[in-house]
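coords-v5.cif follows (mmCIF, C-alpha atoms):
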```cif
data_query
#
loop_
_atom_site.label_atom_id
_atom_site.label_comp_id
_atom_site.auth_asym_id
_atom_site.auth_seq_id
_atom_site.Cartn_x
_atom_site.Cartn_y
_atom_site.Cartn_z
CA MET A 163 6.94 14.85 26.18
CA ARG A 164 8.59 12.13 28.24
CA ILE A 165 7.80 8.62 29.40
CA LYS A 166 8.56 8.72 33.12
CA THR A 167 9.56 6.03 35.57
CA SER A 168 9.15 5.99 39.34
CA ASN A 169 12.90 5.79 39.92
CA GLY A 170 14.32 7.73 36.98
CA LEU A 171 15.58 4.67 35.13
CA ALA A 172 15.25 4.51 31.35
CA PRO A 173 11.70 3.40 30.40
CA GLU A 174 13.02 1.52 27.38
CA MET A 175 15.13 -0.68 29.67
CA PHE A 176 12.86 -0.87 32.70
CA PRO A 177 9.23 -0.66 31.52
CA GLU A 178 8.00 -2.16 34.80
CA PHE A 179 8.71 1.18 36.53
CA ILE A 180 6.78 3.36 34.06
CA THR A 181 4.33 5.79 35.68
CA ASP A 182 3.40 8.55 33.18
CA VAL A 183 3.26 7.80 29.47
CA ALA A 184 3.64 10.51 26.83
CA TYR A 185 4.68 9.77 23.26
CA PHE A 186 4.10 10.83 19.67
CA TYR A 187 3.61 9.36 16.20
CA GLY A 188 5.16 10.98 13.15
CA SER A 189 5.12 9.89 9.52
CA ALA A 190 5.73 11.34 6.08
CA PRO A 191 4.25 9.21 3.28
CA ARG A 192 4.04 10.17 -0.36
CA PRO A 193 2.09 8.18 -2.98
CA GLY A 194 3.39 4.63 -3.05
CA PHE A 195 6.24 5.32 -0.64
CA MET A 196 6.86 5.72 3.11
CA SER A 197 9.86 7.96 3.68
CA ARG A 198 9.67 8.09 7.47
CA PHE A 199 7.63 6.59 10.30
CA LEU A 200 8.45 7.09 13.95
CA ILE A 201 6.97 6.40 17.37
CA GLY A 202 8.88 7.93 20.27
CA HIS A 203 9.17 10.59 22.93
CA ASP A 204 11.59 13.43 23.65
CA ASN A 205 14.47 11.03 24.30
CA THR A 206 14.28 9.80 20.70
CA ARG A 207 17.43 10.64 18.79
CA ALA A 208 17.24 12.34 15.38
CA PRO A 209 13.44 12.30 14.79
CA TYR A 210 13.72 13.72 11.26
CA TRP A 211 14.56 12.75 7.71
CA PRO A 212 16.68 14.62 5.17
CA THR A 213 14.99 15.99 2.07
CA SER A 214 18.23 15.94 0.14
CA ARG A 215 20.26 13.10 -1.38
CA THR A 216 19.20 9.96 0.43
CA ASN A 217 17.98 6.59 -0.82
CA PHE A 218 15.73 6.17 2.27
CA GLY A 219 17.49 3.01 3.37
CA GLY A 220 17.38 1.44 -0.08
CA GLN A 221 13.59 1.14 -0.25
CA PHE A 222 12.09 0.06 -3.56
CA GLY A 223 10.88 3.17 -5.34
CA ALA A 224 13.53 5.48 -3.89
CA SER A 225 16.29 6.91 -6.05
CA ASN A 226 19.70 8.00 -4.76
CA ASN A 227 18.64 11.59 -5.42
CA GLY A 228 16.22 11.52 -2.49
CA ASP A 229 13.43 14.04 -2.77
CA LEU A 230 12.96 16.04 -5.93
CA PRO A 231 10.99 19.20 -6.74
CA GLY A 232 7.38 18.14 -7.24
CA ASP A 233 7.36 15.35 -4.65
CA ILE A 234 4.20 15.68 -2.54
CA TYR A 235 4.01 14.45 1.03
CA ARG A 236 1.20 13.94 3.51
CA LEU A 237 2.56 14.70 7.00
CA LEU A 238 0.77 12.85 9.80
CA GLY A 239 1.27 13.15 13.53
CA GLY A 240 -0.36 12.13 16.78
CA VAL A 241 0.18 12.66 20.51
CA VAL A 242 -0.79 10.34 23.38
CA LEU A 243 -0.78 11.53 27.02
CA ARG A 244 -1.51 9.01 29.75
CA PRO A 245 -0.64 10.51 33.16
CA LYS A 246 -0.84 8.05 36.04
CA GLY A 247 -4.30 7.98 37.59
CA GLU A 248 -5.80 10.39 35.01
CA SER A 249 -7.89 10.01 31.87
CA PRO A 250 -5.77 9.62 28.72
CA MET A 251 -5.70 12.44 26.15
CA TYR A 252 -5.10 12.22 22.41
CA ALA A 253 -4.48 14.68 19.58
CA GLY A 254 -3.85 14.34 15.85
CA TYR A 255 -2.31 16.49 13.15
CA GLN A 256 -1.94 16.40 9.40
CA ALA A 257 -0.57 18.69 6.73
CA SER A 258 0.89 18.51 3.23
CA ALA A 259 4.48 19.20 2.19
CA PHE A 260 5.81 20.12 -1.25
CA ILE A 261 9.47 19.92 -2.25
CA LEU A 262 10.48 23.24 -3.79
CA PRO A 263 12.77 23.72 -6.82
CA LYS A 264 16.49 23.83 -6.19
CA GLY A 265 17.72 27.32 -5.40
CA THR A 266 14.33 28.54 -4.20
CA ASN A 267 15.72 29.12 -0.68
CA ASN A 268 12.28 30.03 0.58
CA ASN A 269 11.14 27.21 2.83
CA ARG A 270 7.97 28.32 4.54
CA ILE A 271 4.62 27.39 6.02
CA VAL A 272 1.50 28.59 4.20
CA GLY A 273 -2.19 27.90 4.55
CA PRO A 274 -3.82 25.22 2.37
CA GLY A 275 -4.54 26.69 -1.07
CA ASP A 276 -2.81 30.02 -0.34
CA GLU A 277 -0.53 29.83 -3.37
CA ASP A 278 0.40 27.76 -6.41
CA LEU A 279 2.47 24.70 -5.56
CA PRO A 280 4.95 22.56 -7.58
CA SER A 281 3.90 19.17 -8.90
CA PRO A 282 5.53 16.06 -10.43
CA ASP A 283 4.79 17.20 -13.99
CA GLY A 284 6.02 20.75 -13.43
CA LYS A 285 2.57 22.31 -13.81
CA PRO A 286 1.64 24.22 -10.64
CA ALA A 287 -1.77 24.25 -9.00
CA ARG A 288 -3.34 25.23 -5.68
CA PHE A 289 -4.10 21.58 -4.88
CA PHE A 290 -3.60 18.13 -6.38
CA LEU A 291 -5.60 14.93 -6.61
CA VAL A 292 -4.67 11.24 -6.41
CA PRO A 293 -7.48 9.13 -7.94
CA VAL A 294 -7.68 5.43 -8.75
CA ARG A 295 -4.57 4.67 -10.73
CA PRO A 296 -4.92 4.33 -14.52
CA GLY A 297 -4.31 0.74 -15.57
CA MET A 298 -6.27 -0.84 -12.74
CA VAL A 299 -8.01 -4.07 -13.78
CA TYR A 300 -11.40 -5.21 -12.48
CA GLN A 301 -13.73 -8.09 -13.24
CA VAL A 302 -17.26 -7.66 -14.56
CA GLY A 303 -19.62 -7.36 -11.61
CA THR A 304 -17.26 -5.34 -9.42
CA VAL A 305 -18.90 -2.47 -7.55
CA PHE A 306 -16.82 0.67 -8.17
CA GLY A 307 -16.76 3.81 -6.06
CA ALA A 308 -14.87 7.03 -6.77
CA MET A 309 -12.24 8.09 -4.23
CA LEU A 310 -9.62 10.85 -4.25
CA GLN A 311 -6.83 12.05 -1.99
CA ILE A 312 -6.57 15.85 -1.91
CA ASP A 313 -3.30 17.71 -1.12
CA PRO A 314 -3.22 20.17 0.48
CA VAL A 315 -6.44 19.56 2.36
CA VAL A 316 -9.09 21.93 0.98
CA PRO A 317 -12.89 21.39 0.91
CA CYS A 318 -13.06 21.38 -2.89
CA ASP A 319 -16.18 20.59 -4.90
CA VAL A 320 -15.65 17.37 -6.83
CA GLN A 321 -17.33 15.92 -9.89
CA PHE A 322 -16.29 12.41 -10.93
CA VAL A 323 -17.52 11.03 -14.28
CA LEU A 324 -17.07 7.41 -15.33
CA ALA A 325 -17.82 6.42 -18.94
CA GLY A 326 -18.46 2.81 -19.87
CA PRO A 327 -17.39 1.03 -23.08
CA ASP A 328 -20.80 1.79 -24.63
CA GLY A 329 -20.40 5.52 -23.92
CA SER A 330 -22.89 5.61 -21.04
CA LYS A 331 -21.87 7.94 -18.22
CA ARG A 332 -22.13 7.74 -14.46
CA VAL A 333 -21.67 10.92 -12.41
CA THR A 334 -21.15 11.52 -8.72
CA GLU A 335 -20.55 14.82 -6.95
CA GLY A 336 -19.56 15.93 -3.48
CA LYS A 337 -17.00 17.80 -1.40
CA GLY A 338 -13.60 16.96 0.00
CA ASP A 339 -13.69 16.19 3.73
CA LYS A 340 -11.57 17.52 6.60
CA PHE A 341 -9.15 14.62 6.25
CA GLY A 342 -8.30 15.41 2.63
CA TYR A 343 -10.38 12.76 0.91
CA PHE A 344 -13.38 12.56 -1.38
CA ILE A 345 -15.48 9.40 -1.36
CA GLY A 346 -18.31 9.32 -3.89
CA LYS A 347 -21.73 8.64 -2.43
CA ASP A 348 -22.74 6.75 -5.59
CA LYS A 349 -21.47 3.26 -6.35
CA TRP A 350 -21.64 1.68 -9.81
CA LEU A 351 -21.63 -1.86 -11.12
CA LEU A 352 -18.95 -2.44 -13.72
CA ASP A 353 -21.35 -4.38 -15.90
CA GLN A 354 -19.48 -4.31 -19.23
CA PRO A 355 -16.07 -5.67 -20.14
CA GLY A 356 -13.78 -3.28 -21.96
CA LEU A 357 -12.19 0.14 -21.60
CA TRP A 358 -13.71 2.48 -19.00
CA ILE A 359 -12.55 6.09 -18.77
CA TYR A 360 -12.91 8.42 -15.79
CA ASN A 361 -12.62 12.20 -15.62
CA VAL A 362 -12.42 14.23 -12.45
CA LYS A 363 -12.96 17.94 -11.88
CA ALA A 364 -12.32 19.57 -8.53
CA VAL A 365 -12.72 23.29 -7.81
CA TRP A 366 -12.02 25.30 -4.67
CA ASN A 367 -12.44 29.09 -4.47
CA GLY A 368 -12.28 29.28 -8.25
CA TYR A 369 -9.07 27.25 -8.48
CA GLU A 370 -9.06 23.88 -10.24
CA GLY A 371 -7.13 20.93 -8.87
CA ARG A 372 -5.03 18.62 -11.02
CA VAL A 373 -4.04 14.98 -11.29
CA PRO A 374 -0.33 15.21 -12.22
CA GLY A 375 0.28 13.85 -15.70
CA LEU A 376 -3.32 12.80 -16.39
CA PRO A 377 -4.17 13.52 -20.05
CA ASP A 378 -7.27 15.48 -21.01
CA MET A 379 -9.00 12.31 -22.22
CA GLY A 380 -9.07 11.00 -18.64
CA GLY A 381 -7.86 7.90 -16.85
CA TYR A 382 -8.13 4.33 -18.14
CA ILE A 383 -9.45 1.45 -16.10
CA PHE A 384 -9.80 -2.01 -17.62
CA VAL A 385 -12.61 -4.52 -17.05
CA ILE A 386 -12.35 -8.19 -18.02
CA GLU A 387 -14.88 -11.01 -18.11
CA ASN A 388 -15.26 -13.44 -15.22
CA GLY A 389 -13.83 -16.88 -15.81
CA THR A 390 -11.20 -15.96 -18.38
CA ALA A 391 -8.59 -18.72 -18.24
CA PRO A 392 -5.18 -17.53 -16.96
CA GLY A 393 -2.52 -17.53 -19.66
CA ARG A 394 -5.02 -17.05 -22.45
CA GLY A 395 -4.92 -14.04 -24.73
CA MET A 396 -2.27 -11.39 -25.15
CA THR A 397 1.38 -12.32 -24.58
CA LEU A 398 4.67 -10.42 -24.63
CA LYS A 399 7.88 -11.46 -26.34
CA MET A 400 10.11 -10.93 -23.34
CA PRO A 401 11.46 -13.00 -20.44
CA GLU A 402 9.99 -12.82 -16.96
CA GLU A 403 12.84 -10.55 -15.93
CA GLN A 404 15.35 -8.50 -17.89
CA GLN A 405 17.50 -5.38 -17.62
CA PHE A 406 17.15 -2.25 -19.74
CA SER A 407 19.17 0.91 -20.19
CA PRO A 408 18.27 4.14 -18.34
CA THR A 409 19.29 6.13 -21.43
CA GLU A 410 17.96 4.09 -24.37
CA VAL A 411 14.49 3.23 -25.62
CA PHE A 412 13.23 -0.08 -24.23
CA GLU A 413 10.99 -1.81 -26.78
CA ILE A 414 8.32 -4.27 -25.70
CA ARG A 415 6.75 -6.51 -28.34
CA GLY A 416 3.54 -8.40 -27.89
CA GLN A 417 1.13 -10.68 -29.70
CA ARG A 418 -2.63 -10.54 -29.78
CA SER A 419 -5.58 -11.41 -32.03
CA GLY A 420 -7.41 -8.08 -32.12
CA SER A 421 -6.70 -4.76 -33.80
CA GLU A 422 -5.75 -2.43 -30.95
CA VAL A 423 -4.01 -2.44 -27.57
CA TYR A 424 -4.56 0.13 -24.83
CA PHE A 425 -1.83 0.90 -22.31
CA ALA A 426 -1.30 2.94 -19.16
CA ALA A 427 2.06 3.73 -17.54
CA ILE A 428 2.20 5.27 -14.06
CA ILE A 429 4.53 6.00 -11.19
CA PRO A 430 3.02 6.55 -7.74
CA GLY A 431 1.54 10.05 -7.73
CA ALA A 432 1.70 10.74 -11.46
CA VAL A 433 0.59 9.39 -14.83
CA LEU A 434 3.48 8.88 -17.24
CA LYS A 435 1.49 8.04 -20.37
CA GLU A 436 -1.70 6.51 -21.73
CA GLY A 437 -2.77 5.61 -25.22
CA ALA A 438 -3.52 3.00 -27.87
CA LEU A 439 -1.12 0.94 -29.97
CA PRO A 440 -1.81 -0.36 -33.48
CA VAL A 441 -1.55 -4.08 -34.22
CA SER A 442 0.09 -5.31 -37.43
CA ASN A 443 0.01 -9.00 -38.37
CA GLY A 444 -0.93 -9.87 -34.82
CA GLU A 445 1.99 -7.95 -33.27
CA PHE A 446 2.18 -4.65 -31.39
CA ARG A 447 5.15 -2.67 -30.14
CA TYR A 448 5.52 -0.25 -27.25
CA LYS A 449 8.60 1.95 -26.87
CA PHE A 450 9.40 3.00 -23.32
CA ASP A 451 11.62 6.07 -23.56
CA PRO A 452 13.06 7.01 -20.12
CA LYS A 453 14.38 10.36 -21.37
CA LYS A 454 11.05 11.55 -22.80
CA LEU A 455 9.12 10.42 -19.74
CA ALA A 456 11.62 12.09 -17.39
CA ASP A 457 11.17 15.31 -19.37
CA LYS A 458 7.40 15.05 -18.82
CA ILE A 459 7.36 13.91 -15.19
CA GLU A 460 10.16 15.56 -13.25
CA THR A 461 9.98 13.13 -10.35
CA TYR A 462 10.87 10.24 -12.71
CA ASP A 463 14.59 10.90 -12.43
CA ILE A 464 17.08 9.00 -14.59
CA VAL A 465 20.43 10.59 -13.62
CA ASN A 466 22.32 10.43 -10.31
CA LEU A 467 22.77 14.10 -9.41
CA VAL A 468 25.98 13.42 -7.44
CA ASN A 469 28.05 11.59 -10.05
CA GLY A 470 26.09 12.43 -13.21
CA ARG A 471 25.69 8.79 -14.20
CA PRO A 472 22.47 7.38 -15.70
CA GLU A 473 20.43 5.69 -13.00
CA ILE A 474 16.76 4.91 -12.27
CA GLY A 475 15.31 4.10 -8.86
CA ARG A 476 11.60 4.74 -9.33
CA ILE A 477 8.98 2.07 -10.03
CA VAL A 478 6.67 2.11 -13.06
CA HIS A 479 3.50 0.04 -13.51
CA LEU A 480 2.86 -0.57 -17.21
CA THR A 481 -0.41 -2.31 -18.15
CA PHE A 482 -1.53 -3.51 -21.60
CA PHE A 483 -5.18 -4.33 -22.34
CA SER A 484 -6.90 -5.70 -25.44
CA LYS A 485 -10.03 -7.25 -26.88
CA GLU A 486 -9.23 -10.70 -28.21
CA LYS A 487 -10.89 -13.07 -30.67
CA GLY A 488 -11.76 -16.48 -29.31
CA PRO A 489 -13.55 -19.59 -30.61
CA ASP A 490 -16.45 -18.82 -28.28
CA GLY A 491 -16.55 -15.11 -29.12
CA PRO A 492 -14.59 -12.01 -28.08
CA TYR A 493 -13.03 -11.61 -24.66
CA HIS A 494 -10.58 -9.23 -22.97
CA SER A 495 -7.02 -9.80 -21.85
CA PHE A 496 -4.31 -7.88 -20.01
CA VAL A 497 -0.65 -8.17 -19.06
CA ARG A 498 1.44 -6.06 -16.73
CA VAL A 499 5.12 -5.13 -16.70
CA ILE A 500 6.70 -3.73 -13.54
CA LEU A 501 9.76 -1.57 -14.16
CA ARG A 502 11.67 -1.58 -10.88
CA GLY A 503 14.54 0.79 -11.56
CA THR A 504 16.11 -0.70 -14.70
CA THR A 505 14.70 -4.20 -14.19
CA ALA A 506 11.62 -5.14 -16.21
CA ILE A 507 9.44 -7.83 -14.61
CA TYR A 508 6.81 -9.40 -16.87
CA VAL A 509 3.66 -10.49 -15.06
CA LYS A 510 1.37 -12.60 -17.27
CA ASP A 511 -2.12 -12.96 -15.87
CA ARG A 512 -4.98 -13.04 -18.37
#
```
Written as structure tokens, how would this file's structure read?
Amino acid sequence: MRIKTSNGLAPEMFPEFITDVAYFYGSAPRPGFMSRFLIGHDNTRAPYWPTSRTNFGGQFGASNNGDLPGDIYRLLGGVVLRPKGESPMYAGYQASAFILPKGTNNNRIVGPGDEDLPSPDGKPARFFLVPVRPGMVYQVGTVFGAMLQIDPVVPCDVQFVLAGPDGSKRVTEGKGDKFGYFIGKDKWLLDQPGLWIYNVKAVWNGYEGRVPGLPDMGGYIFVIENGTAPGRGMTLKMPEEQQFSPTEVFEIRGQRSGSEVYFAAIIPGAVLKEGALPVSNGEFRYKFDPKKLADKIETYDIVNLVNGRPEIGRIVHLTFFSKEKGPDGPYHSFVRVILRGTTAIYVKDR
């Protein structure tokens, strides 16, 4: 596949002499991260990326360990052929890639769903799902639709159930498409503020897909009232930015007027933890333990494998949500903390 010129000169230097055009697209994204993207032709030097110890150019979300067992990629490619004086031709390609455990020494190509595959939480499955991330915040009146990414691409049967704060349930069903996605045909109005919980079940040829790290209770999404004044409600006792240790528990303290706080902690492609925190005398505490979370989600790495030193490169989204007491009645509030490596960034919204 070459871009040709009428006189043999390099097309990159002398595009005015181009006659036949032939080039390709190649990319390798994983949830929340683009490891490689390339547009070129056969003259392109080194059209690959290493799956070993690389920090991917220092991108946010990349650790110095590079890829780890359980990382899931979607490989995308395309070809464009435009011969001079002829109709152009196009082709596309996609596949999924899974990083195998160290020492496996069995790199191979298999059909989608042919065998169990590794995942970020160490629990294998024939295919995996990426739904709406737990901890997402919506306003009352938002129209919500279920959507999933499916890797590898299999035409699985999907059932998505969304439960409202009053316990009412909304159900949509369908099948994964040829591009590896499920988009629910039913759309729902998020008509109640509070905690909504979704559950997803996907089955293909008798095998059940998994959302890495998602607890059995399902995924949290949070809905707040329209018109809530920014800065009102729950607050955290921490600066806008601070450092924490990759080996020690990082405690976050907050204040609120209700009796319970819900939280969701995720990294792209996996759920670290969800749950509820008690409130005592208007204060709640959350302990972020890097070691425990790294034991649960293997792709949340906290040690540099070359020098053995503690180190974190991955990004965590940590969201707190509560029902508050106000002079005009109850309302809902949330705050978010972004953990970028070992830097905690406190984002106060509502």
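Among A:Leu200, A:Val292, A:Ala432, A:Val316, the residue with the shortest atom-to-atom distance to Gly273 (chain A), counting all atoms listed in the file, is A:Val316.
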Query - Ile383 (chain A) environment, 9 Å, only C-alpha atoms, sequence neighbours closer than 3 positions dropped, as a VMD selection string - result: chain A and resid 294 to 300 356 to 360 426
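Across A:Ile500, A:Cys318, A:Ile414, A:Met400, the tightest approach to Asp339 (chain A) is made by A:Cys318 when counting all atoms listed in the file.
Minimum distance to Tyr424 (chain A) across A:Met379, A:Asp463, A:Met396, A:Ser484 (counting only C-alpha atoms) occurs at A:Ser484.
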Requested in this report: Convert the output of the PyMOL selection byres ((chain A and resi 262) around 7) on the shown file into explicit residues, formatted as an MDAnalysis selection string.
Outcome: chainID A and resid 231:232 260:261 263:264 266 280
Report task. Quote the spacing between CA of Phe199 (chain A) and CA of Thr216 (chain A) in Å to one decimal place. Result -> 15.6 Å
Query - Spatial neighbours of Leu455 (chain A), max dist 12 Å, all atoms listed in the file, sep filter under 5 positions, as a PyMOL selection string - result: chain A and resi 282-283+375+408-411+427-429+432-436+449-450+460-464+478
**Report entry** Close residues, Asp182 (chain A) itself excluded, 12 Å, only C-alpha atoms, min 6 positions apart in chain, as number ranges by chain
**Finding:** A: 163-170, 173, 203, 242-250
Should you be able to, write region 276-297 of chain A of this structure into a file that contains N, CA and C atoms, as a PDB file, in the first residue's frame.
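This went into decode.pdb:
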```pdb
ATOM      1  N   ASP A 276     -14.354 -17.897  21.646  1.00  0.00           N
ATOM      2  CA  ASP A 276     -13.873 -19.277  21.561  1.00  0.00           C
ATOM      3  C   ASP A 276     -13.354 -19.813  22.894  1.00  0.00           C
ATOM      4  N   GLU A 277     -12.893 -18.923  23.771  1.00  0.00           N
ATOM      5  CA  GLU A 277     -12.312 -19.387  25.023  1.00  0.00           C
ATOM      6  C   GLU A 277     -12.449 -18.307  26.081  1.00  0.00           C
ATOM      7  N   ASP A 278     -12.215 -18.698  27.344  1.00  0.00           N
ATOM      8  CA  ASP A 278     -12.228 -17.724  28.429  1.00  0.00           C
ATOM      9  C   ASP A 278     -11.049 -16.768  28.270  1.00  0.00           C
ATOM     10  N   LEU A 279     -11.282 -15.512  28.641  1.00  0.00           N
ATOM     11  CA  LEU A 279     -10.288 -14.469  28.455  1.00  0.00           C
ATOM     12  C   LEU A 279     -10.022 -13.763  29.779  1.00  0.00           C
ATOM     13  N   PRO A 280      -8.798 -13.208  29.966  1.00  0.00           N
ATOM     14  CA  PRO A 280      -8.488 -12.504  31.223  1.00  0.00           C
ATOM     15  C   PRO A 280      -9.180 -11.152  31.288  1.00  0.00           C
ATOM     16  N   SER A 281      -9.380 -10.666  32.513  1.00  0.00           N
ATOM     17  CA  SER A 281     -10.071  -9.396  32.699  1.00  0.00           C
ATOM     18  C   SER A 281      -9.379  -8.579  33.779  1.00  0.00           C
ATOM     19  N   PRO A 282      -9.726  -7.287  33.919  1.00  0.00           N
ATOM     20  CA  PRO A 282      -9.070  -6.450  34.934  1.00  0.00           C
ATOM     21  C   PRO A 282      -9.207  -6.951  36.363  1.00  0.00           C
ATOM     22  N   ASP A 283     -10.300  -7.649  36.690  1.00  0.00           N
ATOM     23  CA  ASP A 283     -10.460  -8.118  38.067  1.00  0.00           C
ATOM     24  C   ASP A 283     -10.035  -9.572  38.244  1.00  0.00           C
ATOM     25  N   GLY A 284      -9.378 -10.129  37.237  1.00  0.00           N
ATOM     26  CA  GLY A 284      -8.841 -11.476  37.350  1.00  0.00           C
ATOM     27  C   GLY A 284      -9.852 -12.587  37.187  1.00  0.00           C
ATOM     28  N   LYS A 285     -11.116 -12.254  36.928  1.00  0.00           N
ATOM     29  CA  LYS A 285     -12.154 -13.266  36.756  1.00  0.00           C
ATOM     30  C   LYS A 285     -12.429 -13.436  35.261  1.00  0.00           C
ATOM     31  N   PRO A 286     -12.103 -14.584  34.691  1.00  0.00           N
ATOM     32  CA  PRO A 286     -12.226 -14.753  33.244  1.00  0.00           C
ATOM     33  C   PRO A 286     -13.681 -14.857  32.790  1.00  0.00           C
ATOM     34  N   ALA A 287     -13.877 -14.590  31.523  1.00  0.00           N
ATOM     35  CA  ALA A 287     -15.184 -14.739  30.891  1.00  0.00           C
ATOM     36  C   ALA A 287     -14.971 -14.834  29.387  1.00  0.00           C
ATOM     37  N   ARG A 288     -16.023 -15.253  28.661  1.00  0.00           N
ATOM     38  CA  ARG A 288     -15.925 -15.323  27.207  1.00  0.00           C
ATOM     39  C   ARG A 288     -16.022 -13.942  26.558  1.00  0.00           C
ATOM     40  N   PHE A 289     -16.717 -13.013  27.237  1.00  0.00           N
ATOM     41  CA  PHE A 289     -16.801 -11.641  26.728  1.00  0.00           C
ATOM     42  C   PHE A 289     -17.104 -10.707  27.889  1.00  0.00           C
ATOM     43  N   PHE A 290     -16.802  -9.419  27.669  1.00  0.00           N
ATOM     44  CA  PHE A 290     -16.923  -8.417  28.721  1.00  0.00           C
ATOM     45  C   PHE A 290     -17.738  -7.230  28.234  1.00  0.00           C
ATOM     46  N   LEU A 291     -18.278  -6.488  29.203  1.00  0.00           N
ATOM     47  CA  LEU A 291     -19.187  -5.390  28.904  1.00  0.00           C
ATOM     48  C   LEU A 291     -18.662  -4.104  29.553  1.00  0.00           C
ATOM     49  N   VAL A 292     -18.834  -2.993  28.831  1.00  0.00           N
ATOM     50  CA  VAL A 292     -18.549  -1.666  29.379  1.00  0.00           C
ATOM     51  C   VAL A 292     -19.851  -0.872  29.324  1.00  0.00           C
ATOM     52  N   PRO A 293     -20.535  -0.709  30.461  1.00  0.00           N
ATOM     53  CA  PRO A 293     -21.789   0.048  30.497  1.00  0.00           C
ATOM     54  C   PRO A 293     -21.530   1.501  30.878  1.00  0.00           C
ATOM     55  N   VAL A 294     -22.612   2.241  31.129  1.00  0.00           N
ATOM     56  CA  VAL A 294     -22.465   3.578  31.704  1.00  0.00           C
ATOM     57  C   VAL A 294     -21.707   3.446  33.011  1.00  0.00           C
ATOM     58  N   ARG A 295     -20.789   4.395  33.255  1.00  0.00           N
ATOM     59  CA  ARG A 295     -19.922   4.224  34.410  1.00  0.00           C
ATOM     60  C   ARG A 295     -20.681   4.502  35.701  1.00  0.00           C
ATOM     61  N   PRO A 296     -20.531   3.686  36.730  1.00  0.00           N
ATOM     62  CA  PRO A 296     -21.100   4.006  38.038  1.00  0.00           C
ATOM     63  C   PRO A 296     -20.551   5.338  38.550  1.00  0.00           C
ATOM     64  N   GLY A 297     -21.427   6.126  39.169  1.00  0.00           N
ATOM     65  CA  GLY A 297     -21.032   7.438  39.643  1.00  0.00           C
ATOM     66  C   GLY A 297     -21.414   8.565  38.709  1.00  0.00           C
TER      67      GLY A 297
END
```
